[in-house]
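Have a look at upload.txt below; it lists compact mmCIF, C-alpha atoms.
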```txt
# COMPACT_ATOMS: atom_id res chain seq x y z
CA MET A 1 113.61 132.41 371.98
CA LEU A 2 110.86 129.97 371.08
CA ARG A 3 112.39 127.24 368.91
CA ILE A 4 110.01 125.98 366.22
CA ALA A 5 110.56 122.99 363.93
CA MET A 6 109.26 123.44 360.37
CA PRO A 7 109.05 120.88 357.52
CA ASN A 8 111.81 121.70 355.04
CA LYS A 9 110.22 119.98 352.04
CA GLY A 10 107.34 117.78 350.97
CA ALA A 11 103.59 118.27 350.89
CA LEU A 12 103.44 120.03 354.26
CA SER A 13 106.29 122.48 353.72
CA GLU A 14 104.74 125.35 351.75
CA LEU A 15 101.37 125.16 353.48
CA ALA A 16 103.04 125.26 356.91
CA ALA A 17 105.19 128.22 355.83
CA GLN A 18 102.14 130.06 354.51
CA MET A 19 100.26 129.53 357.76
CA MET A 20 103.17 130.85 359.81
CA ARG A 21 103.41 133.92 357.59
CA GLU A 22 99.69 134.57 358.09
CA ALA A 23 100.33 134.27 361.84
CA GLY A 24 102.90 137.06 361.62
CA TYR A 25 106.18 135.12 361.56
CA ARG A 26 109.03 135.41 359.11
CA GLY A 27 109.65 132.78 356.47
CA ARG A 28 112.81 131.73 354.72
CA ARG A 29 113.68 133.37 351.41
CA ASP A 30 115.82 130.50 350.16
CA SER A 31 114.93 126.80 350.36
CA LYS A 32 118.55 126.10 351.36
CA GLU A 33 118.19 128.04 354.62
CA LEU A 34 118.02 125.62 357.54
CA VAL A 35 117.67 128.09 360.42
CA ILE A 36 116.22 131.58 360.47
CA SER A 37 115.79 134.00 363.33
CA ASP A 38 112.81 136.30 363.82
CA PRO A 39 113.89 138.57 366.67
CA ASP A 40 110.78 140.76 366.38
CA GLN A 41 108.64 137.75 367.33
CA ASN A 42 111.32 136.21 369.56
CA VAL A 43 111.37 132.90 367.68
CA GLU A 44 113.83 130.74 365.75
CA LEU A 45 112.64 128.44 362.99
CA PHE A 46 114.51 125.22 362.20
CA TYR A 47 113.77 123.54 358.85
CA LEU A 48 113.99 119.76 359.20
CA ARG A 49 112.87 116.57 357.46
CA PRO A 50 109.16 116.18 358.37
CA ARG A 51 109.86 112.64 359.59
CA ASP A 52 112.49 113.92 362.06
CA ILE A 53 110.49 116.76 363.58
CA ALA A 54 108.69 114.66 366.20
CA VAL A 55 112.04 113.25 367.36
CA TYR A 56 113.53 116.71 367.95
CA VAL A 57 110.39 118.02 369.62
CA GLY A 58 109.75 114.90 371.70
CA SER A 59 113.29 115.04 373.08
CA GLY A 60 112.79 118.66 374.13
CA THR A 61 115.53 119.91 371.81
CA LEU A 62 112.93 122.12 370.11
CA ASP A 63 109.86 123.62 371.80
CA VAL A 64 107.20 122.98 369.16
CA GLY A 65 106.94 121.75 365.59
CA ILE A 66 104.63 121.29 362.63
CA THR A 67 104.42 117.81 361.15
CA GLY A 68 101.89 115.16 360.17
CA ARG A 69 99.99 113.20 362.79
CA ASP A 70 101.04 110.00 361.01
CA LEU A 71 104.73 110.94 361.22
CA MET A 72 104.46 111.87 364.90
CA LEU A 73 102.77 108.60 365.87
CA ASP A 74 105.07 106.49 363.68
CA SER A 75 108.16 107.97 365.33
CA GLY A 76 107.18 106.73 368.79
CA SER A 77 108.61 109.96 370.15
CA PRO A 78 107.16 111.36 373.41
CA ALA A 79 105.50 114.30 371.66
CA THR A 80 101.88 115.32 371.95
CA GLU A 81 99.45 117.03 369.61
CA VAL A 82 98.52 120.60 370.52
CA LEU A 83 96.48 121.87 367.58
CA GLN A 84 95.05 120.52 364.32
CA LEU A 85 96.07 122.84 361.49
CA GLY A 86 93.48 122.04 358.83
CA PHE A 87 95.71 121.01 355.93
CA GLY A 88 97.60 117.96 354.73
CA SER A 89 94.66 115.62 355.27
CA SER A 90 95.12 111.96 354.32
CA THR A 91 94.19 108.48 355.45
CA PHE A 92 96.49 105.56 356.17
CA ARG A 93 95.15 102.24 354.88
CA TYR A 94 95.94 98.67 353.90
CA ALA A 95 95.83 97.65 350.24
CA ALA A 96 96.16 94.32 348.47
CA PRO A 97 95.96 93.07 344.88
CA VAL A 98 92.42 93.17 343.52
CA GLY A 99 90.66 89.93 344.46
CA ALA A 100 93.47 88.73 346.75
CA SER A 101 93.08 87.66 350.36
CA GLN A 102 92.65 90.55 352.77
CA ASP A 103 93.69 88.59 355.83
CA LEU A 104 96.57 90.36 357.61
CA ALA A 105 97.69 87.50 359.85
CA GLY A 106 101.03 86.01 358.84
CA LYS A 107 101.38 88.23 355.77
CA ARG A 108 104.30 90.39 354.67
CA ILE A 109 103.21 94.02 354.93
CA ALA A 110 105.33 96.70 353.24
CA THR A 111 105.14 100.25 354.55
CA SER A 112 107.06 103.46 355.16
CA PHE A 113 105.37 103.68 358.58
CA PRO A 114 106.44 100.53 360.44
CA GLY A 115 105.65 101.98 363.86
CA LEU A 116 102.05 102.70 362.92
CA VAL A 117 101.55 99.29 361.36
CA ARG A 118 103.08 97.35 364.25
CA ASN A 119 100.94 99.28 366.75
CA HIS A 120 97.81 98.66 364.69
CA LEU A 121 98.53 94.94 364.33
CA ALA A 122 99.14 94.73 368.08
CA SER A 123 95.80 96.44 368.76
CA LEU A 124 94.13 93.74 366.63
CA GLY A 125 96.07 90.94 368.30
CA LEU A 126 97.61 89.89 364.97
CA GLU A 127 101.12 88.89 363.99
CA ALA A 128 102.61 89.72 360.59
CA SER A 129 105.98 90.54 359.06
CA VAL A 130 106.45 94.30 358.59
CA VAL A 131 108.77 95.24 355.72
CA ARG A 132 110.08 98.80 355.97
CA LEU A 133 110.47 100.74 352.72
CA ASP A 134 111.35 104.41 352.26
CA GLY A 135 109.21 104.96 349.18
CA ALA A 136 107.35 103.49 346.20
CA VAL A 137 105.52 101.16 348.56
CA GLU A 138 102.86 100.41 345.92
CA SER A 139 105.46 98.45 343.91
CA ALA A 140 106.29 96.08 346.76
CA VAL A 141 103.65 93.47 345.89
CA THR A 142 104.48 93.41 342.17
CA LEU A 143 108.18 93.01 342.96
CA GLY A 144 107.51 90.15 345.38
CA VAL A 145 108.67 91.95 348.53
CA ALA A 146 105.27 91.91 350.23
CA ASP A 147 101.75 90.49 350.10
CA ILE A 148 100.00 93.65 351.36
CA ILE A 149 100.99 97.29 351.71
CA ALA A 150 100.04 99.98 354.21
CA ASP A 151 100.36 103.51 352.93
CA VAL A 152 98.98 107.03 352.88
CA VAL A 153 95.97 107.25 350.57
CA GLU A 154 94.68 110.52 349.14
CA THR A 155 92.79 109.80 345.90
CA GLY A 156 93.72 106.12 345.53
CA THR A 157 94.73 106.59 341.88
CA THR A 158 98.31 105.40 342.41
CA LEU A 159 97.10 102.22 344.10
CA ARG A 160 94.58 101.45 341.38
CA ASN A 161 97.26 101.94 338.73
CA ALA A 162 99.35 99.36 340.56
CA GLY A 163 96.46 96.86 340.59
CA LEU A 164 95.76 97.34 344.30
CA GLU A 165 92.59 98.09 346.26
CA VAL A 166 92.20 99.36 349.80
CA PHE A 167 90.38 97.24 352.34
CA GLY A 168 89.28 97.41 355.93
CA ASP A 169 88.78 100.49 358.06
CA PRO A 170 91.34 103.31 357.87
CA ILE A 171 94.28 102.77 360.18
CA LEU A 172 94.58 106.49 360.83
CA ALA A 173 93.17 109.83 359.66
CA SER A 174 96.07 112.25 359.47
CA GLU A 175 96.63 115.96 358.94
CA ALA A 176 99.20 118.60 359.81
CA VAL A 177 99.40 119.25 363.54
CA LEU A 178 101.32 121.43 365.95
CA ILE A 179 103.17 119.28 368.47
CA ARG A 180 105.19 119.82 371.64
CA PRO A 181 107.02 117.57 374.12
CA ALA A 182 104.69 115.43 376.21
CA ASN A 183 104.27 116.60 379.82
CA SER A 184 106.18 119.83 379.12
CA PRO A 185 105.48 122.73 381.50
CA ARG A 186 103.32 125.70 380.57
CA ASN A 187 105.09 128.04 378.15
CA PRO A 188 103.51 131.49 377.53
CA ALA A 189 105.35 131.76 374.18
CA VAL A 190 103.74 128.51 372.99
CA GLU A 191 100.34 129.81 374.08
CA VAL A 192 100.86 132.95 371.96
CA LEU A 193 101.78 130.79 368.96
CA VAL A 194 98.69 128.63 369.45
CA ARG A 195 96.42 131.69 369.68
CA ARG A 196 97.92 133.09 366.49
CA LEU A 197 97.45 129.84 364.60
CA GLN A 198 93.90 129.53 365.91
CA GLY A 199 93.33 133.07 364.64
CA VAL A 200 94.55 132.04 361.18
CA LEU A 201 92.20 129.05 361.17
CA THR A 202 89.26 131.21 362.20
CA ALA A 203 90.09 133.86 359.59
CA ARG A 204 90.24 131.18 356.92
CA ASN A 205 86.95 129.58 357.92
CA TYR A 206 84.79 132.62 358.69
CA VAL A 207 83.73 135.91 357.09
CA MET A 208 82.21 139.02 358.63
CA MET A 209 78.65 139.68 357.48
CA ASP A 210 76.84 143.01 357.86
CA TYR A 211 73.24 143.77 356.95
CA ASP A 212 70.27 146.03 357.72
CA ILE A 213 67.02 144.53 358.95
CA ALA A 214 63.67 145.75 360.28
CA VAL A 215 63.50 145.81 364.08
CA GLN A 216 60.63 143.31 364.22
CA LEU A 217 62.72 140.78 362.25
CA VAL A 218 65.92 141.02 364.30
CA GLU A 219 65.34 137.87 366.36
CA LYS A 220 64.71 135.72 363.27
CA ALA A 221 67.74 137.25 361.55
CA CYS A 222 69.98 136.53 364.53
CA GLU A 223 68.89 132.90 364.43
CA LEU A 224 70.42 132.78 360.93
CA THR A 225 73.58 134.63 362.02
CA PRO A 226 74.20 133.80 365.70
CA GLY A 227 77.92 134.63 365.44
CA LEU A 228 80.47 132.96 367.67
CA GLU A 229 78.94 134.32 370.87
CA SER A 230 76.31 136.86 369.86
CA PRO A 231 75.83 139.21 366.90
CA THR A 232 76.33 142.96 367.22
CA VAL A 233 73.07 144.89 366.75
CA SER A 234 73.30 148.69 366.29
CA PRO A 235 70.50 151.24 365.85
CA LEU A 236 70.18 153.11 362.53
CA HIS A 237 68.96 156.66 361.87
CA ASP A 238 65.67 155.17 360.74
CA LYS A 239 64.26 153.91 364.05
CA GLY A 240 62.53 151.02 362.34
CA TYR A 241 65.81 149.39 361.29
CA VAL A 242 69.01 148.11 362.87
CA ALA A 243 72.41 147.08 361.54
CA VAL A 244 73.60 143.57 362.39
CA ARG A 245 77.17 142.28 362.26
CA ALA A 246 78.19 138.65 362.84
CA MET A 247 80.82 136.12 361.91
CA VAL A 248 79.49 133.47 359.53
CA PRO A 249 81.12 130.21 358.36
CA LYS A 250 82.68 130.96 354.98
CA ALA A 251 81.27 127.80 353.40
CA GLN A 252 77.73 128.95 354.24
CA THR A 253 78.12 132.55 353.05
CA ASN A 254 75.83 132.54 350.02
CA THR A 255 73.20 130.33 351.62
CA VAL A 256 72.95 132.65 354.62
CA MET A 257 72.82 135.71 352.35
CA ASP A 258 69.93 134.17 350.40
CA GLU A 259 68.04 133.35 353.60
CA LEU A 260 68.57 136.84 355.01
CA TYR A 261 67.37 138.44 351.78
CA GLU A 262 64.24 136.31 351.78
CA LEU A 263 63.63 137.36 355.39
CA GLY A 264 63.86 141.04 354.43
CA ALA A 265 67.46 142.02 355.12
CA ARG A 266 69.11 144.45 352.73
CA ALA A 267 72.57 145.97 352.21
CA ILE A 268 74.07 142.56 352.95
CA LEU A 269 77.85 142.85 352.84
CA VAL A 270 80.56 140.22 353.33
CA THR A 271 84.13 141.04 354.38
CA GLU A 272 87.14 138.71 354.52
CA ILE A 273 88.84 138.43 357.91
CA ALA A 274 92.59 139.01 357.76
CA ALA A 275 93.37 138.08 361.36
CA CYS A 276 91.55 137.59 364.65
CA ARG A 277 91.76 136.39 368.21
CA ILE A 278 88.86 134.41 369.60
```
Output the file's structure in the form of structure tokens.
Amino acid sequence: MLRIAMPNKGALSELAAQMMREAGYRGRRDSKELVISDPDQNVELFYLRPRDIAVYVGSGTLDVGITGRDLMLDSGSPATEVLQLGFGSSTFRYAAPVGASQDLAGKRIATSFPGLVRNHLASLGLEASVVRLDGAVESAVTLGVADIIADVVETGTTLRNAGLEVFGDPILASEAVLIRPANSPRNPAVEVLVRRLQGVLTARNYVMMDYDIAVQLVEKACELTPGLESPTVSPLHDKGYVAVRAMVPKAQTNTVMDELYELGARAILVTEIAACRI
């Protein structure tokens, strides 16, 4: 059976579980369940601390896993990213007290991601003291433990409330990713999982659009709705019109509908996509 590591709690947990359900896999019914079997799909799901997932996957103990890019890179585990999953986005940045020096060299830097920080400092050719903390990193400067912090930043509100401001370029842009052991051999079961997850991403990001258009306007209409490869064009009973069907980016739905209507299309319909394979 394909052995999949899933985050058992935290910001990634429910979104990862939802995505797997949309891909056709079972989910746990109780948050205390640590292992569940889905014999119909020939998989086992192991619910682990998000920070530990890359370690289990990188060692080959588990075949694949869902975790954050930041957690995977911080672990130093020999795991590799297979697919970006489109949720859990964040940036990892340095922050210092407002108006304080932003020079990293020789400073005490508090973080929950010491591996990431050490690697980044090394890439800059700088030396600093990295102080590892498991949480509440934004308090480290106030409490005298550090001069600068490095932490995940979403809105920045928490940092501002602590009298801190971000500086410099982002250390890392992170999101949820599917990972597997580095240099692992081809696994057909992993390929099926990847196709299913890609199908979920496509279904979330696209809609199916149908409309009727005069034959002489088909080429202009297809420029507005090119689809993923090519739109489907079908003849109607009225020989002067055709029906067109194409996948359209969900975020552009209403704009495309307006443009089609102005062109002369009518009976413009939009349908959600439940699942697909591209």
Identify the residues within 12 Å of coordinate (99.6, 124.9, 368.7) (same frame as the file), considering all atoms listed in the file, and give the answer as a PyMOL selection string. chain A and resi 4+19-20+23+63-67+80-86+176-181+187-201
Store the residues of this selection in a file with C-alpha atoms, as a PDB file, in the frame of the given file.
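Saved result, result_12.pdb, follows:
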```pdb
ATOM      1  CA  ILE A   4     110.010 125.980 366.220  1.00  0.00           C
ATOM      2  CA  MET A  19     100.260 129.530 357.760  1.00  0.00           C
ATOM      3  CA  MET A  20     103.170 130.850 359.810  1.00  0.00           C
ATOM      4  CA  ALA A  23     100.330 134.270 361.840  1.00  0.00           C
ATOM      5  CA  ASP A  63     109.860 123.620 371.800  1.00  0.00           C
ATOM      6  CA  VAL A  64     107.200 122.980 369.160  1.00  0.00           C
ATOM      7  CA  GLY A  65     106.940 121.750 365.590  1.00  0.00           C
ATOM      8  CA  ILE A  66     104.630 121.290 362.630  1.00  0.00           C
ATOM      9  CA  THR A  67     104.420 117.810 361.150  1.00  0.00           C
ATOM     10  CA  THR A  80     101.880 115.320 371.950  1.00  0.00           C
ATOM     11  CA  GLU A  81      99.450 117.030 369.610  1.00  0.00           C
ATOM     12  CA  VAL A  82      98.520 120.600 370.520  1.00  0.00           C
ATOM     13  CA  LEU A  83      96.480 121.870 367.580  1.00  0.00           C
ATOM     14  CA  GLN A  84      95.050 120.520 364.320  1.00  0.00           C
ATOM     15  CA  LEU A  85      96.070 122.840 361.490  1.00  0.00           C
ATOM     16  CA  GLY A  86      93.480 122.040 358.830  1.00  0.00           C
ATOM     17  CA  ALA A 176      99.200 118.600 359.810  1.00  0.00           C
ATOM     18  CA  VAL A 177      99.400 119.250 363.540  1.00  0.00           C
ATOM     19  CA  LEU A 178     101.320 121.430 365.950  1.00  0.00           C
ATOM     20  CA  ILE A 179     103.170 119.280 368.470  1.00  0.00           C
ATOM     21  CA  ARG A 180     105.190 119.820 371.640  1.00  0.00           C
ATOM     22  CA  PRO A 181     107.020 117.570 374.120  1.00  0.00           C
ATOM     23  CA  ASN A 187     105.090 128.040 378.150  1.00  0.00           C
ATOM     24  CA  PRO A 188     103.510 131.490 377.530  1.00  0.00           C
ATOM     25  CA  ALA A 189     105.350 131.760 374.180  1.00  0.00           C
ATOM     26  CA  VAL A 190     103.740 128.510 372.990  1.00  0.00           C
ATOM     27  CA  GLU A 191     100.340 129.810 374.080  1.00  0.00           C
ATOM     28  CA  VAL A 192     100.860 132.950 371.960  1.00  0.00           C
ATOM     29  CA  LEU A 193     101.780 130.790 368.960  1.00  0.00           C
ATOM     30  CA  VAL A 194      98.690 128.630 369.450  1.00  0.00           C
ATOM     31  CA  ARG A 195      96.420 131.690 369.680  1.00  0.00           C
ATOM     32  CA  ARG A 196      97.920 133.090 366.490  1.00  0.00           C
ATOM     33  CA  LEU A 197      97.450 129.840 364.600  1.00  0.00           C
ATOM     34  CA  GLN A 198      93.900 129.530 365.910  1.00  0.00           C
ATOM     35  CA  GLY A 199      93.330 133.070 364.640  1.00  0.00           C
ATOM     36  CA  VAL A 200      94.550 132.040 361.180  1.00  0.00           C
ATOM     37  CA  LEU A 201      92.200 129.050 361.170  1.00  0.00           C
TER      38      LEU A 201
END
```
Could you work out how far CA of Arg266 in chain A lies from CA of Ala246 in chain A, giving the answer in Å with one decimal? 14.8 Å
Six-sided padding of 5 Å per side, axis-aligned box over range 252-264 of chain A, centre and edges in Å, one decimal, as AutoDock Vina command-line options:
```
--center_x 70.9 --center_y 135.0 --center_z 352.7 --size_x 24.5 --size_y 22.1 --size_z 15.4
```
Identify the residues around (109.1, 134.2, 359.0) within a radius of 9 Å, measuring from only C-alpha atoms in the coordinates stated by the file, and give them as a PyMOL selection string. chain A and resi 17+20-21+24-29+36-38+44-45
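Interatomic distance, CA of Gln18 in chain A against CA of Thr158 in chain A: 27.7 Å.
Interatomic distance, CA of Val43 in chain A to CA of Met1 in chain A: 4.9 Å.
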Taking 4 positions as the minimum chain separation for residues in the same chain, which residues sit within 7 Å of range 133-149 of chain A when counting all atoms listed in the file? Answer as a count of residues only. 11
Counting only C-alpha atoms, closest pick from A:Ala203, A:Leu126, A:Ala150, A:Leu73 relative to Ala274 in chain A is A:Ala203
Just so I have it separately, write range 107-118 of chain A from the block I sent, keeping all heavy atoms, as a compact mmCIF listing (two decimals), in the first residue's frame.
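Result written to result20.txt:
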```txt
# COMPACT_ATOMS: atom_id res chain seq x y z
N LYS A 107 24.93 39.20 15.01
CA LYS A 107 23.74 39.36 15.85
C LYS A 107 23.23 38.01 16.36
O LYS A 107 23.57 36.95 15.85
CB LYS A 107 22.63 40.05 15.05
CG LYS A 107 22.98 41.46 14.59
CD LYS A 107 23.13 42.39 15.77
CE LYS A 107 23.51 43.80 15.32
NZ LYS A 107 22.52 44.42 14.46
N ARG A 108 22.38 38.10 17.39
CA ARG A 108 21.66 36.92 17.88
C ARG A 108 20.31 36.88 17.16
O ARG A 108 19.52 37.81 17.25
CB ARG A 108 21.44 37.00 19.38
CG ARG A 108 22.73 37.03 20.22
CD ARG A 108 22.40 37.37 21.68
NE ARG A 108 21.75 38.68 21.77
CZ ARG A 108 21.05 39.10 22.84
NH1 ARG A 108 20.92 38.30 23.88
NH2 ARG A 108 20.51 40.30 22.84
N ILE A 109 20.07 35.78 16.45
CA ILE A 109 18.85 35.67 15.64
C ILE A 109 18.01 34.52 16.19
O ILE A 109 18.42 33.36 16.15
CB ILE A 109 19.18 35.43 14.16
CG1 ILE A 109 20.09 36.53 13.64
CG2 ILE A 109 17.90 35.34 13.34
CD1 ILE A 109 20.59 36.31 12.22
N ALA A 110 16.83 34.83 16.69
CA ALA A 110 15.93 33.82 17.24
C ALA A 110 14.98 33.32 16.15
O ALA A 110 14.44 34.11 15.36
CB ALA A 110 15.12 34.40 18.40
N THR A 111 14.76 32.02 16.13
CA THR A 111 13.90 31.44 15.10
C THR A 111 13.46 30.03 15.49
O THR A 111 14.11 29.37 16.31
CB THR A 111 14.64 31.38 13.74
OG1 THR A 111 13.75 30.88 12.75
CG2 THR A 111 15.86 30.47 13.83
N SER A 112 12.37 29.59 14.91
CA SER A 112 11.94 28.19 15.04
C SER A 112 12.43 27.36 13.85
O SER A 112 12.13 26.17 13.77
CB SER A 112 10.41 28.12 15.11
OG SER A 112 9.91 28.79 16.25
N PHE A 113 13.17 28.01 12.94
CA PHE A 113 13.67 27.34 11.74
C PHE A 113 15.19 27.54 11.63
O PHE A 113 15.67 28.22 10.72
CB PHE A 113 12.98 27.91 10.50
CG PHE A 113 11.50 27.68 10.45
CD1 PHE A 113 10.63 28.51 11.15
CD2 PHE A 113 10.96 26.62 9.72
CE1 PHE A 113 9.26 28.31 11.12
CE2 PHE A 113 9.59 26.41 9.68
CZ PHE A 113 8.74 27.25 10.38
N PRO A 114 15.95 26.97 12.56
CA PRO A 114 17.39 27.21 12.56
C PRO A 114 18.10 26.72 11.31
O PRO A 114 19.07 27.33 10.86
CB PRO A 114 17.87 26.44 13.80
CG PRO A 114 16.81 25.41 14.05
CD PRO A 114 15.54 26.06 13.65
N GLY A 115 17.62 25.63 10.72
CA GLY A 115 18.25 25.13 9.50
C GLY A 115 18.14 26.12 8.36
O GLY A 115 19.11 26.38 7.64
N LEU A 116 16.95 26.69 8.19
CA LEU A 116 16.75 27.68 7.14
C LEU A 116 17.63 28.90 7.35
O LEU A 116 18.25 29.41 6.41
CB LEU A 116 15.29 28.11 7.10
CG LEU A 116 14.28 27.22 6.37
CD1 LEU A 116 12.89 27.83 6.45
CD2 LEU A 116 14.68 27.03 4.92
N VAL A 117 17.68 29.38 8.59
CA VAL A 117 18.44 30.60 8.87
C VAL A 117 19.93 30.36 8.67
O VAL A 117 20.63 31.18 8.06
CB VAL A 117 18.15 31.09 10.30
CG1 VAL A 117 19.07 32.25 10.66
CG2 VAL A 117 16.70 31.52 10.43
N ARG A 118 20.44 29.25 9.18
CA ARG A 118 21.88 28.97 9.01
C ARG A 118 22.24 28.87 7.52
O ARG A 118 23.28 29.37 7.10
CB ARG A 118 22.24 27.68 9.74
CG ARG A 118 22.20 27.82 11.26
CD ARG A 118 22.84 26.63 11.95
NE ARG A 118 22.77 26.75 13.40
CZ ARG A 118 21.88 26.12 14.16
NH1 ARG A 118 20.99 25.30 13.60
NH2 ARG A 118 21.87 26.30 15.47
```
